[in-house]
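J.: Next up is a structure, given as structure tokens.
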Amino acid sequence: MRQVFLCVISVAFCISVAKAFRGSFATETRRTTEVRREFDPRIFYKTNCEECHGLTAERRFNPDNPEAQMIDAILNGATVEDTKDMPAFSQKGIDEQKARALIAYMKSIRE
């Protein structure tokens with residue numbers, strides 16, 4: 001009877017240790033997935049900007065404009081004559097740092 005009791009205790013201990021390791025692994029997997037969700041200006045540009053600005057940012061983008069002006073247009077939108085207005089991307093999770101990355105990407109594909 002004592003051996004059965006010790007065996008049951010050992011199995012319960014092994015199961016709890018396995019669950020602890022599995023939980024730790026799941027947490028690490030979530031962290032890795034979160035890292036992959038970092039802002040990718042290339043993907044954002046393709047899905048949100050390419051339609052109006054073109055494949056190589058050749059339309060309605062002047063890389064010589066002041067960066068602050070471009071950031072403001074990205075975050076708060078802009079009124080454009082003869083075409084649809086640029087939407088405000090701050091409402092879609094874009095902040096100043098992401099706007100700067102997007103501008104740098106647009107300048108790089110323009111070259």
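Identifiers for the structure tokens are assigned positionally: chains receive A, B, ... in sequence, residues are indexed from 1 per chain, and ligands are indexed from 1 in the order shown.
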Just the residues within 7 Å of Ala57 of chain A, please, counting only C-alpha atoms, with nothing from its chain fewer than 6 positions along; format it as a list in words.
T.: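 Close residues of Ala57 of chain A: Met106, Ile109 and Arg110 of chain A.
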J.: If we count only C-alpha atoms, what is near Leu75 of chain A at a cut-off of 12 Å, once residues fewer than 6 positions away on the same chain are taken out, given as a list of chain:residue names?
T.: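 Surrounding residues, per the criterion: A:Ala68, A:Gln69, A:Met86, A:Pro87, A:Ala88, A:Phe89, A:Ser90, A:Gln91, A:Lys92, A:Gly93, A:Ile94, A:Asp95, A:Glu96, A:Gln97, A:Lys98, A:Ala99, A:Arg100, A:Leu102, A:Ile103.
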J.: When you draw a straight line from atom CA of Phe61 of chain A to atom CA of Ile43 of chain A, how long is it in Å?
T.: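 These atoms are spaced 17.8 Å apart.
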J.: Report the distance between atom CA of Arg42 of chain A and atom CA of Lys84 of chain A in Å, rounded to one decimal place.
T.: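 A separation of 22.3 Å between them.
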J.: One decimal, Å: what's the distance from atom CA of Pro66 of chain A over to atom CA of Arg37 of chain A, could you say?
T.: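 That distance, rounded to one decimal, is 29.2 Å.
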J.: Please determine, counting only C-alpha atoms, which residue among A:Thr56, A:Asn62, A:Thr83, A:Asn76 has the shortest atom-to-atom distance to Tyr105 of chain A.
T.: A:Thr56
